[in-house]
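Q: Provided below: data-v1.csv, containing CSV, C-alpha atoms.
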```
chain,number,residue,atom,x,y,z
A,61,MET,CA,65.7,32.9,110.8
A,62,PRO,CA,62.4,34.5,109.8
A,63,GLN,CA,59.6,32.3,108.5
A,64,ASN,CA,59.4,34.0,105.1
A,65,GLU,CA,63.0,33.0,104.4
A,66,GLN,CA,62.1,29.3,104.4
A,67,LYS,CA,60.2,29.7,101.1
A,68,LYS,CA,62.7,27.9,98.9
A,69,ASN,CA,60.3,27.5,96.0
A,70,SER,CA,60.7,31.0,94.8
A,71,SER,CA,62.8,30.7,91.6
A,72,THR,CA,63.6,34.5,91.3
A,73,PRO,CA,66.2,34.6,94.1
A,74,TRP,CA,67.8,31.5,92.7
A,75,LYS,CA,68.0,33.0,89.3
A,76,TRP,CA,69.6,36.1,90.8
A,77,LEU,CA,72.1,34.0,92.8
A,78,GLY,CA,72.8,31.8,89.8
A,79,GLY,CA,73.4,34.7,87.6
A,80,GLY,CA,75.8,36.2,90.1
A,81,ALA,CA,77.6,32.9,90.4
A,82,ALA,CA,77.8,32.5,86.6
A,83,MET,CA,79.3,36.0,86.4
A,84,LEU,CA,81.9,35.2,89.1
A,85,LEU,CA,82.8,32.0,87.2
A,86,PHE,CA,83.2,33.9,84.0
A,87,LYS,CA,85.4,36.5,85.7
A,88,GLY,CA,87.2,33.8,87.4
A,89,LYS,CA,88.6,32.5,84.2
A,90,ALA,CA,90.5,35.7,83.6
A,91,ILE,CA,91.7,35.8,87.2
A,92,LEU,CA,93.0,32.2,87.1
A,93,SER,CA,95.0,33.1,84.0
A,94,LEU,CA,96.8,35.8,86.0
A,95,LEU,CA,97.2,34.0,89.3
A,96,LYS,CA,98.7,30.7,90.2
A,97,ILE,CA,96.1,28.1,91.2
A,98,GLY,CA,97.9,27.4,94.4
A,99,LYS,CA,97.3,30.9,95.7
A,100,ILE,CA,93.5,30.7,95.4
A,101,ALA,CA,93.0,27.0,95.9
A,102,GLY,CA,93.0,27.4,99.7
A,103,PRO,CA,90.4,30.3,99.7
A,104,LEU,CA,88.2,28.5,97.2
A,105,ILE,CA,88.2,25.3,99.2
A,106,SER,CA,87.5,27.2,102.5
A,107,MET,CA,84.6,29.0,100.7
A,108,MET,CA,83.1,25.7,99.6
A,109,ILE,CA,83.5,24.2,103.1
A,110,SER,CA,81.9,27.3,104.7
A,111,ILE,CA,79.0,27.1,102.3
A,112,TRP,CA,78.5,23.5,103.1
A,113,ALA,CA,78.7,24.1,106.8
A,114,TYR,CA,76.1,26.9,106.8
A,115,ALA,CA,73.9,24.9,104.5
A,116,LEU,CA,73.6,22.3,107.2
A,117,ILE,CA,71.6,24.9,109.2
A,118,TYR,CA,70.2,27.4,106.6
A,119,PRO,CA,68.9,27.0,103.1
A,120,TRP,CA,71.5,26.7,100.4
A,121,GLY,CA,70.6,30.0,98.8
A,122,PHE,CA,71.2,31.8,102.1
A,123,ALA,CA,74.5,29.9,102.7
A,124,VAL,CA,75.9,30.9,99.3
A,125,GLY,CA,74.8,34.5,99.6
A,126,PHE,CA,76.1,34.8,103.2
A,127,VAL,CA,79.6,33.5,102.2
A,128,LEU,CA,79.6,35.9,99.2
A,129,LEU,CA,78.9,38.8,101.5
A,130,LEU,CA,81.8,37.8,103.7
A,131,LEU,CA,84.0,37.6,100.5
A,132,VAL,CA,83.0,41.1,99.5
A,133,HIS,CA,83.8,42.4,103.0
A,134,GLU,CA,87.3,40.8,103.0
A,135,LEU,CA,88.0,42.0,99.5
A,136,GLY,CA,87.5,45.5,100.8
A,137,HIS,CA,90.4,45.0,103.1
A,138,VAL,CA,92.5,43.5,100.3
A,139,ILE,CA,91.8,46.4,98.0
A,140,ALA,CA,92.6,49.0,100.7
A,141,ALA,CA,95.9,47.2,101.6
A,142,LYS,CA,96.9,47.0,97.9
A,143,ARG,CA,96.2,50.7,97.4
A,144,ILE,CA,98.8,51.6,99.9
A,145,GLY,CA,101.3,48.9,99.0
A,146,LEU,CA,100.9,46.5,101.9
A,147,PRO,CA,100.9,42.8,100.8
A,148,VAL,CA,98.1,40.7,102.3
A,149,SER,CA,97.0,37.1,101.9
A,150,ALA,CA,93.9,36.0,100.1
A,151,PRO,CA,90.7,35.7,102.3
A,152,LEU,CA,90.4,32.5,104.3
A,153,PHE,CA,86.9,31.3,105.4
A,154,ILE,CA,86.3,29.6,108.7
A,155,PRO,CA,82.8,28.1,109.2
A,156,PHE,CA,80.8,29.9,111.9
A,157,LEU,CA,83.7,32.2,112.6
A,158,GLY,CA,83.6,34.3,109.4
A,159,ALA,CA,86.6,35.1,107.2
A,160,LEU,CA,90.0,36.8,107.6
A,161,ILE,CA,93.1,38.0,105.8
A,162,THR,CA,96.6,38.2,107.1
A,163,MET,CA,99.0,41.1,106.5
A,164,LYS,CA,102.4,40.0,105.4
A,165,LYS,CA,103.8,43.4,106.6
A,166,GLN,CA,102.4,45.3,109.5
A,167,PRO,CA,101.3,49.0,109.2
A,168,LEU,CA,103.8,51.6,110.4
A,169,ASP,CA,101.2,53.9,111.9
A,170,ALA,CA,97.6,54.0,113.2
A,171,GLN,CA,96.3,55.9,110.2
A,172,THR,CA,97.4,53.2,107.8
A,173,GLU,CA,95.9,50.5,110.1
A,174,ALA,CA,92.6,52.4,110.1
A,175,TYR,CA,92.6,52.9,106.4
A,176,ILE,CA,92.9,49.1,105.8
A,177,ALA,CA,90.2,48.4,108.5
A,178,PHE,CA,87.8,50.8,106.8
A,179,GLY,CA,88.0,48.9,103.5
A,180,GLY,CA,86.1,45.9,104.7
A,181,PRO,CA,82.9,47.6,106.2
A,182,ILE,CA,82.8,50.1,103.3
A,183,LEU,CA,82.8,47.6,100.5
A,184,GLY,CA,80.7,45.2,102.7
A,185,THR,CA,78.1,47.9,103.1
A,186,ILE,CA,78.1,48.6,99.3
A,187,GLY,CA,77.6,44.8,98.8
A,188,ALA,CA,74.7,44.6,101.3
A,189,THR,CA,73.1,47.7,99.8
A,190,ALA,CA,73.2,46.1,96.3
A,191,VAL,CA,71.5,43.0,97.8
A,192,PHE,CA,68.8,45.2,99.4
A,193,GLY,CA,68.2,46.9,96.0
A,194,ALA,CA,67.8,43.5,94.3
A,195,ALA,CA,65.5,42.3,97.1
A,196,TYR,CA,63.3,45.4,96.8
A,197,TYR,CA,63.2,45.1,93.0
A,198,MET,CA,62.3,41.4,93.1
A,199,ASP,CA,60.4,41.4,96.4
A,200,SER,CA,62.6,38.4,97.6
A,201,PRO,CA,62.4,37.3,101.2
A,202,LEU,CA,65.7,35.5,100.8
A,203,LEU,CA,67.5,38.6,99.5
A,204,TYR,CA,66.0,40.8,102.2
A,205,SER,CA,67.3,38.3,104.8
A,206,LEU,CA,70.8,38.4,103.2
A,207,ALA,CA,70.8,42.2,103.1
A,208,TYR,CA,69.8,42.4,106.8
A,209,ILE,CA,72.5,40.0,107.9
A,210,GLY,CA,75.0,41.9,105.7
A,211,PHE,CA,74.2,45.2,107.4
A,212,LEU,CA,74.2,43.6,110.8
A,213,LEU,CA,77.7,41.9,110.4
A,214,ASN,CA,79.3,45.1,109.1
A,215,LEU,CA,77.8,47.1,112.0
A,216,ILE,CA,79.0,44.6,114.6
A,217,ASN,CA,82.4,44.8,113.0
A,218,LEU,CA,82.4,48.5,113.7
A,219,LEU,CA,82.4,47.9,117.5
A,220,PRO,CA,85.5,49.6,118.9
A,221,ILE,CA,86.9,46.3,120.0
A,222,HIS,CA,90.3,45.0,118.8
A,223,PRO,CA,90.8,43.1,116.5
A,224,LEU,CA,87.4,44.0,115.0
A,225,ASP,CA,87.5,46.7,112.3
A,226,GLY,CA,86.1,49.2,114.6
A,227,GLY,CA,88.9,48.6,117.1
A,228,ARG,CA,91.4,49.2,114.4
A,229,ILE,CA,89.7,52.3,113.2
A,230,ALA,CA,89.6,53.7,116.7
A,231,THR,CA,93.4,53.8,116.7
A,232,ALA,CA,93.2,56.7,114.2
A,233,VAL,CA,90.3,58.5,115.9
A,234,THR,CA,90.9,58.1,119.7
A,235,ARG,CA,91.9,55.2,121.8
A,236,TRP,CA,89.2,56.3,124.3
A,237,LEU,CA,86.8,54.5,121.9
A,238,TRP,CA,88.4,51.3,123.2
A,239,LEU,CA,86.9,52.2,126.6
A,240,VAL,CA,83.5,52.6,124.9
A,241,GLY,CA,84.0,49.2,123.4
A,242,LEU,CA,85.0,47.7,126.7
A,243,VAL,CA,81.9,48.8,128.4
A,244,GLY,CA,79.2,49.4,125.7
A,245,GLY,CA,80.5,46.5,123.6
A,246,LEU,CA,80.1,44.1,126.4
A,247,ALA,CA,76.4,45.2,126.9
A,248,ILE,CA,75.7,44.7,123.2
A,249,ILE,CA,77.4,41.3,123.1
A,250,ILE,CA,75.5,40.1,126.2
A,251,TYR,CA,72.3,41.3,124.5
A,252,MET,CA,73.2,39.4,121.4
A,253,GLY,CA,74.1,36.2,123.4
A,254,SER,CA,77.0,35.5,121.1
A,255,ILE,CA,79.7,33.3,122.6
A,256,LEU,CA,82.1,34.1,119.8
A,257,PHE,CA,82.0,37.8,120.2
A,258,PHE,CA,82.2,37.5,124.0
A,259,ILE,CA,85.5,35.6,123.5
A,260,ILE,CA,86.7,38.4,121.3
A,261,TRP,CA,85.7,40.9,123.9
A,262,ALA,CA,87.5,38.9,126.7
A,263,LEU,CA,90.7,38.7,124.7
A,264,PHE,CA,90.4,42.5,124.0
A,265,ALA,CA,90.0,43.2,127.7
A,266,TYR,CA,92.9,41.1,128.6
A,267,ASP,CA,95.1,42.8,126.0
A,268,LEU,CA,94.1,46.2,127.3
A,269,TYR,CA,95.0,45.1,130.8
A,270,ASN,CA,98.4,43.9,129.7
A,271,LYS,CA,99.1,47.0,127.7
A,272,TYR,CA,97.9,49.7,130.0
A,273,VAL,CA,97.9,48.2,133.5
A,274,LYS,CA,100.4,45.3,133.8
A,275,ARG,CA,103.0,46.6,131.5
A,276,ARG,CA,103.2,49.9,133.3
A,277,THR,CA,104.1,48.2,136.5
A,278,ASN,CA,106.2,45.3,135.2
A,279,HIS,CA,108.9,45.3,132.6
A,280,ARG,CA,108.0,42.0,131.0
A,281,LEU,CA,110.7,40.0,129.4
A,282,TYR,CA,110.1,37.3,126.8
A,283,VAL,CA,112.4,34.4,125.8
A,284,VAL,CA,112.7,32.8,122.4
A,285,THR,CA,115.1,29.9,121.7
A,286,LYS,CA,117.1,29.9,118.4
A,287,GLY,CA,119.3,27.1,117.2
A,288,PHE,CA,122.7,27.4,115.4
A,289,LEU,CA,125.0,24.8,113.8
A,290,ILE,CA,128.7,25.2,114.3
A,291,PRO,CA,131.0,22.9,112.1
A,292,VAL,CA,133.4,21.0,114.3
A,293,GLU,CA,136.1,19.8,111.9
A,294,PRO,CA,137.4,23.2,110.9
A,295,LEU,CA,137.7,24.1,114.6
A,296,ARG,CA,139.7,21.0,115.4
A,297,ASP,CA,142.0,21.6,112.4
A,298,ALA,CA,142.6,25.1,113.7
A,299,GLY,CA,143.3,23.9,117.2
A,300,TYR,CA,140.2,25.2,118.9
A,301,MET,CA,139.1,23.5,122.1
A,302,ILE,CA,135.5,22.2,121.7
A,303,PRO,CA,133.3,23.0,124.7
A,304,GLY,CA,131.3,20.3,126.4
A,305,PRO,CA,127.5,20.0,126.7
A,306,GLU,CA,127.4,21.6,130.1
A,307,HIS,CA,129.1,24.8,128.8
A,308,ARG,CA,127.0,28.0,129.4
A,309,ARG,CA,127.8,31.6,128.6
A,310,ASP,CA,126.4,34.9,127.4
A,311,LEU,CA,127.3,35.8,123.8
A,312,PRO,CA,127.8,39.3,122.3
A,313,PHE,CA,125.2,40.1,119.7
A,314,THR,CA,124.1,42.7,117.1
A,315,THR,CA,120.6,43.3,115.8
A,316,TYR,CA,119.1,45.0,112.7
A,317,SER,CA,116.0,45.0,110.5
A,318,ASP,CA,115.6,44.8,106.7
A,319,LEU,CA,113.3,46.9,104.5
A,320,ASP,CA,110.4,44.5,105.2
A,321,ARG,CA,110.8,45.2,109.0
A,322,GLN,CA,112.0,41.7,109.7
A,323,GLN,CA,114.3,41.9,112.7
A,324,TYR,CA,117.4,39.7,112.9
A,325,VAL,CA,119.9,39.0,115.7
A,326,GLY,CA,123.5,38.1,115.0
A,327,VAL,CA,125.5,36.2,117.7
A,328,ARG,CA,129.2,36.0,117.9
A,329,TRP,CA,131.4,33.4,119.8
A,330,ASP,CA,134.8,34.8,119.5
A,331,GLN,CA,136.5,31.7,121.2
A,332,LEU,CA,135.2,29.5,118.3
A,333,ASN,CA,135.5,32.2,115.6
A,334,TYR,CA,131.8,31.7,114.9
A,335,ILE,CA,129.1,34.2,113.7
A,336,GLY,CA,125.5,33.2,113.3
A,337,ARG,CA,122.2,34.8,112.5
A,338,ALA,CA,118.5,34.2,113.3
A,339,THR,CA,115.2,35.9,112.8
A,340,LEU,CA,113.1,37.3,115.6
A,341,PRO,CA,109.3,36.9,116.0
A,342,GLN,CA,108.6,40.6,116.3
A,343,GLN,CA,110.2,44.0,116.7
A,344,CYS,CA,111.9,44.0,120.0
A,345,ILE,CA,114.7,45.2,122.3
A,346,ILE,CA,117.1,42.4,123.1
A,347,GLU,CA,118.4,42.1,126.6
A,348,LYS,CA,120.6,39.1,126.5
A,349,VAL,CA,121.7,36.1,124.4
A,350,ARG,CA,122.7,33.0,126.4
A,351,ILE,CA,123.8,29.5,125.4
A,352,SER,CA,121.2,27.1,126.9
A,353,GLN,CA,122.3,23.8,125.2
A,354,LEU,CA,125.2,22.4,123.4
A,355,GLU,CA,125.0,19.0,121.6
A,356,PRO,CA,127.2,17.3,119.0
A,357,VAL,CA,125.2,16.1,116.0
A,358,THR,CA,126.5,14.3,112.9
A,359,LEU,CA,125.2,15.4,109.5
A,360,GLU,CA,126.0,14.5,106.0
A,361,ASN,CA,128.7,17.1,105.8
A,362,GLY,CA,130.4,16.1,109.0
A,363,LEU,CA,130.2,16.6,112.8
A,364,HIS,CA,128.5,19.8,114.1
A,365,LEU,CA,127.9,21.4,117.4
A,366,LYS,CA,124.2,22.2,117.8
A,367,MET,CA,124.0,25.4,119.9
A,368,ASN,CA,120.6,26.6,121.3
A,369,CYS,CA,120.5,30.2,122.6
A,370,ASP,CA,117.9,31.7,124.8
A,371,ILE,CA,117.2,35.3,123.6
A,372,SER,CA,115.7,37.5,126.2
A,373,TYR,CA,113.8,40.5,124.9
A,374,SER,CA,111.1,43.1,125.6
A,375,VAL,CA,108.5,44.1,123.0
A,376,TYR,CA,109.4,47.3,121.2
A,377,GLU,CA,106.7,50.0,121.6
A,378,ASN,CA,106.6,52.6,118.9
A,379,ASP,CA,105.4,55.7,120.8
A,380,LYS,CA,104.7,57.6,117.6
A,381,TYR,CA,102.5,54.9,116.2
A,382,TYR,CA,99.3,56.6,117.4
A,383,ASP,CA,100.4,60.1,116.3
A,384,VAL,CA,97.7,61.0,113.8
A,385,PRO,CA,97.1,64.6,112.5
A,386,ALA,CA,94.0,66.2,114.0
A,387,SER,CA,92.5,66.7,110.5
A,388,SER,CA,92.8,63.0,109.8
A,389,ARG,CA,91.3,62.1,113.2
A,390,TRP,CA,88.2,64.2,112.4
A,391,LYS,CA,87.9,62.7,108.9
A,392,TYR,CA,88.1,59.1,110.2
A,393,GLY,CA,85.9,59.9,113.2
A,394,ILE,CA,83.1,61.4,111.0
A,395,ALA,CA,83.3,58.6,108.5
A,396,TYR,CA,83.2,56.0,111.3
A,397,PHE,CA,80.0,57.4,112.8
A,398,VAL,CA,78.3,58.1,109.5
A,399,LEU,CA,78.9,54.6,108.3
A,400,ALA,CA,77.6,53.1,111.6
A,401,GLY,CA,74.5,55.3,111.4
A,402,PHE,CA,73.9,54.3,107.8
A,403,LEU,CA,74.2,50.6,108.6
A,404,ALA,CA,71.8,51.0,111.6
A,405,GLY,CA,69.4,52.9,109.3
A,406,MET,CA,69.5,50.3,106.6
A,407,MET,CA,68.8,47.6,109.1
A,408,TYR,CA,65.6,49.5,110.1
A,409,MET,CA,64.8,49.9,106.4
A,410,VAL,CA,65.1,46.2,105.7
A,411,HIS,CA,62.9,45.5,108.7
A,412,ALA,CA,60.3,48.0,107.7
A,413,VAL,CA,60.2,47.1,103.9
A,414,GLY,CA,61.1,43.4,104.0
A,415,ASN,CA,59.6,42.6,107.4
A,416,VAL,CA,62.9,41.0,108.4
A,417,ASN,CA,64.3,40.9,112.0
A,418,LEU,CA,66.8,38.2,112.7
```
Please rewrite the model in this file as structure tokens.
A:
Amino acid sequence: MPQNEQKKNSSTPWKWLGGGAAMLLFKGKAILSLLKIGKIAGPLISMMISIWAYALIYPWGFAVGFVLLLLVHELGHVIAAKRIGLPVSAPLFIPFLGALITMKKQPLDAQTEAYIAFGGPILGTIGATAVFGAAYYMDSPLLYSLAYIGFLLNLINLLPIHPLDGGRIATAVTRWLWLVGLVGGLAIIIYMGSILFFIIWALFAYDLYNKYVKRRTNHRLYVVTKGFLIPVEPLRDAGYMIPGPEHRRDLPFTTYSDLDRQQYVGVRWDQLNYIGRATLPQQCIIEKVRISQLEPVTLENGLHLKMNCDISYSVYENDKYYDVPASSRWKYGIAYFVLAGFLAGMMYMVHAVGNVNL
């Protein structure tokens, strides 16, 4: 932290932050009237915990401002997702890791993924620029520091490394940017000395290896176990023979997806006149459904046969996911580099005007 940030006696930044907080509280009354408290309790609690955690290291004013900048960034993703009709969760804050949202429905193509990814750094840049304007107007060292860290975090997020925003934007520009992130991103992260971003880079490198090296040579199968309950009494009354716990067999199956792209598998055991259904963890191609365990269990409504089935599957790869029109690739590419250049320029501006260099 710069020395000039340690000046906590300046009341002007506190007035600015206090006014902003008061405005948020006033607006919050209208929001709470429209949303259930349960949906925002988690994000609010995580925000408070994050502010407290950052305040253990930095001044309270910086901690509050930093978390608010993270909130603005994440709201950019939320707004972008809402504009195209994709449901997302409220932002969740994790101390010293940042904040995130989760998508309840995955994008169908790379262009949609990039559109949502752009929302965060665009709104985050607007928020950091507003803080810089306030810092210049009030000549506040605290606000200069917040503006600098806001520009820096949004710029780092544009590194073409999945799952950072830049890695998601690269899907709509060119996946060759991932190679740039793999090499150039590592150099930047080593220069920064950030363990967190190095872990993100390592996971990204491992994912690329699995996707473009290992998967091309090996057809990898995954296995998920699903349980089914078969009522025993109707089977006995109908004269069916109940199999023992050592019984194993492959079962015929069907699979389909609903409008929310949730995939299901239906299994059929003709000898017991049984049909069951279970959800699958992702879009996949099922290879085989095999009974792995049979166990009698007694429930309130009678004796049942608990059947566990091992479902072998391979991950479904949508070859057309990365098909983006050339015009859109150019638009996203130009916007990506313009935004990155603007952020770098604003960091230099803050350093020159506010004498800040974290």
Q: Do you have the atom CA of A:Gly121-atom CA of A:Pro155 distance handy?
A: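 Between atom CA of A:Gly121 and atom CA of A:Pro155 the gap is 16.1 Å.
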Q: Taking only C-alpha atoms into account, which of A:Pro294, A:Trp236, A:Ala174, A:Phe211 comes nearest A:Phe192?
A: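 Among A:Pro294, A:Trp236, A:Ala174, A:Phe211, it is A:Phe211 that comes nearest to A:Phe192.
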Q: Dig up all the protein and nucleic acid residues within 12 Å of (92.4, 58.2, 115.4) in the file frame, using all atoms listed in the file, and format them as JSON, numbers by chain.
A: {"A": [169, 170, 171, 172, 173, 174, 175, 220, 226, 227, 228, 229, 230, 231, 232, 233, 234, 235, 236, 237, 238, 381, 382, 383, 384, 385, 386, 387, 388, 389, 390, 391, 392, 393, 394, 395, 396]}
Q: Please write as an NGL selection string the list of polymer residues whose atoms come within 9 Å of (73.9, 45.4, 110.0), counting only C-alpha atoms and keeping to the coordinates of the file.
A: :A and (185 or 188 or 207-216 or 400 or 403-407)
Q: Could you please determine the separation between atom CA of A:Tyr251 and atom CA of A:Asn217 in Å, to one decimal place?
A: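 For atom CA of A:Tyr251 relative to atom CA of A:Asn217, the distance reads 15.7 Å.
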Q: When you count all atoms listed in the file, which of these residues is closest to A:Ile111: A:Gly125, A:Pro223, A:Gly253, A:Gly179?
A: A:Gly125
Q: Which residues are near A:Val413? Cut-off 10 Å, only C-alpha atoms, ignore same chain within fewer than 6 positions. Put them as an NGL selection string.
A: :A and (192 or 195-196 or 199 or 204)
Q: Could you give me, as a list in words, the residues within 9 Å of stretch 255-272 of chain A, counting only C-alpha atoms and dropping anything in the same chain fewer than 6 positions from it?
A: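 What passes the distance filter is Leu157, Ile221, His222, Pro223, Leu224, Trp238, Gly241, Leu242, Gly245, Leu246 and Ile249 of chain A.
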Q: What's around A:Gly136 at 9 Å? Count all atoms listed in the file, leave out sequence neighbours fewer than 6 positions away in its own chain, and write the answer as a PyMOL selection string.
A: chain A and resi 176-184
Q: Find the distance between atom CA of A:Ile335 and atom CA of A:Tyr316 and write it in Å to one decimal.
A: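 We find that atom CA of A:Ile335 and atom CA of A:Tyr316 lie 14.8 Å from each other.
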Q: With all atoms listed in the file as the atoms that count, which of A:Leu203, A:Leu168, A:Ile248, A:Thr315 lies nearest to A:Phe122?
A: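 The closest residue to A:Phe122 is A:Leu203.
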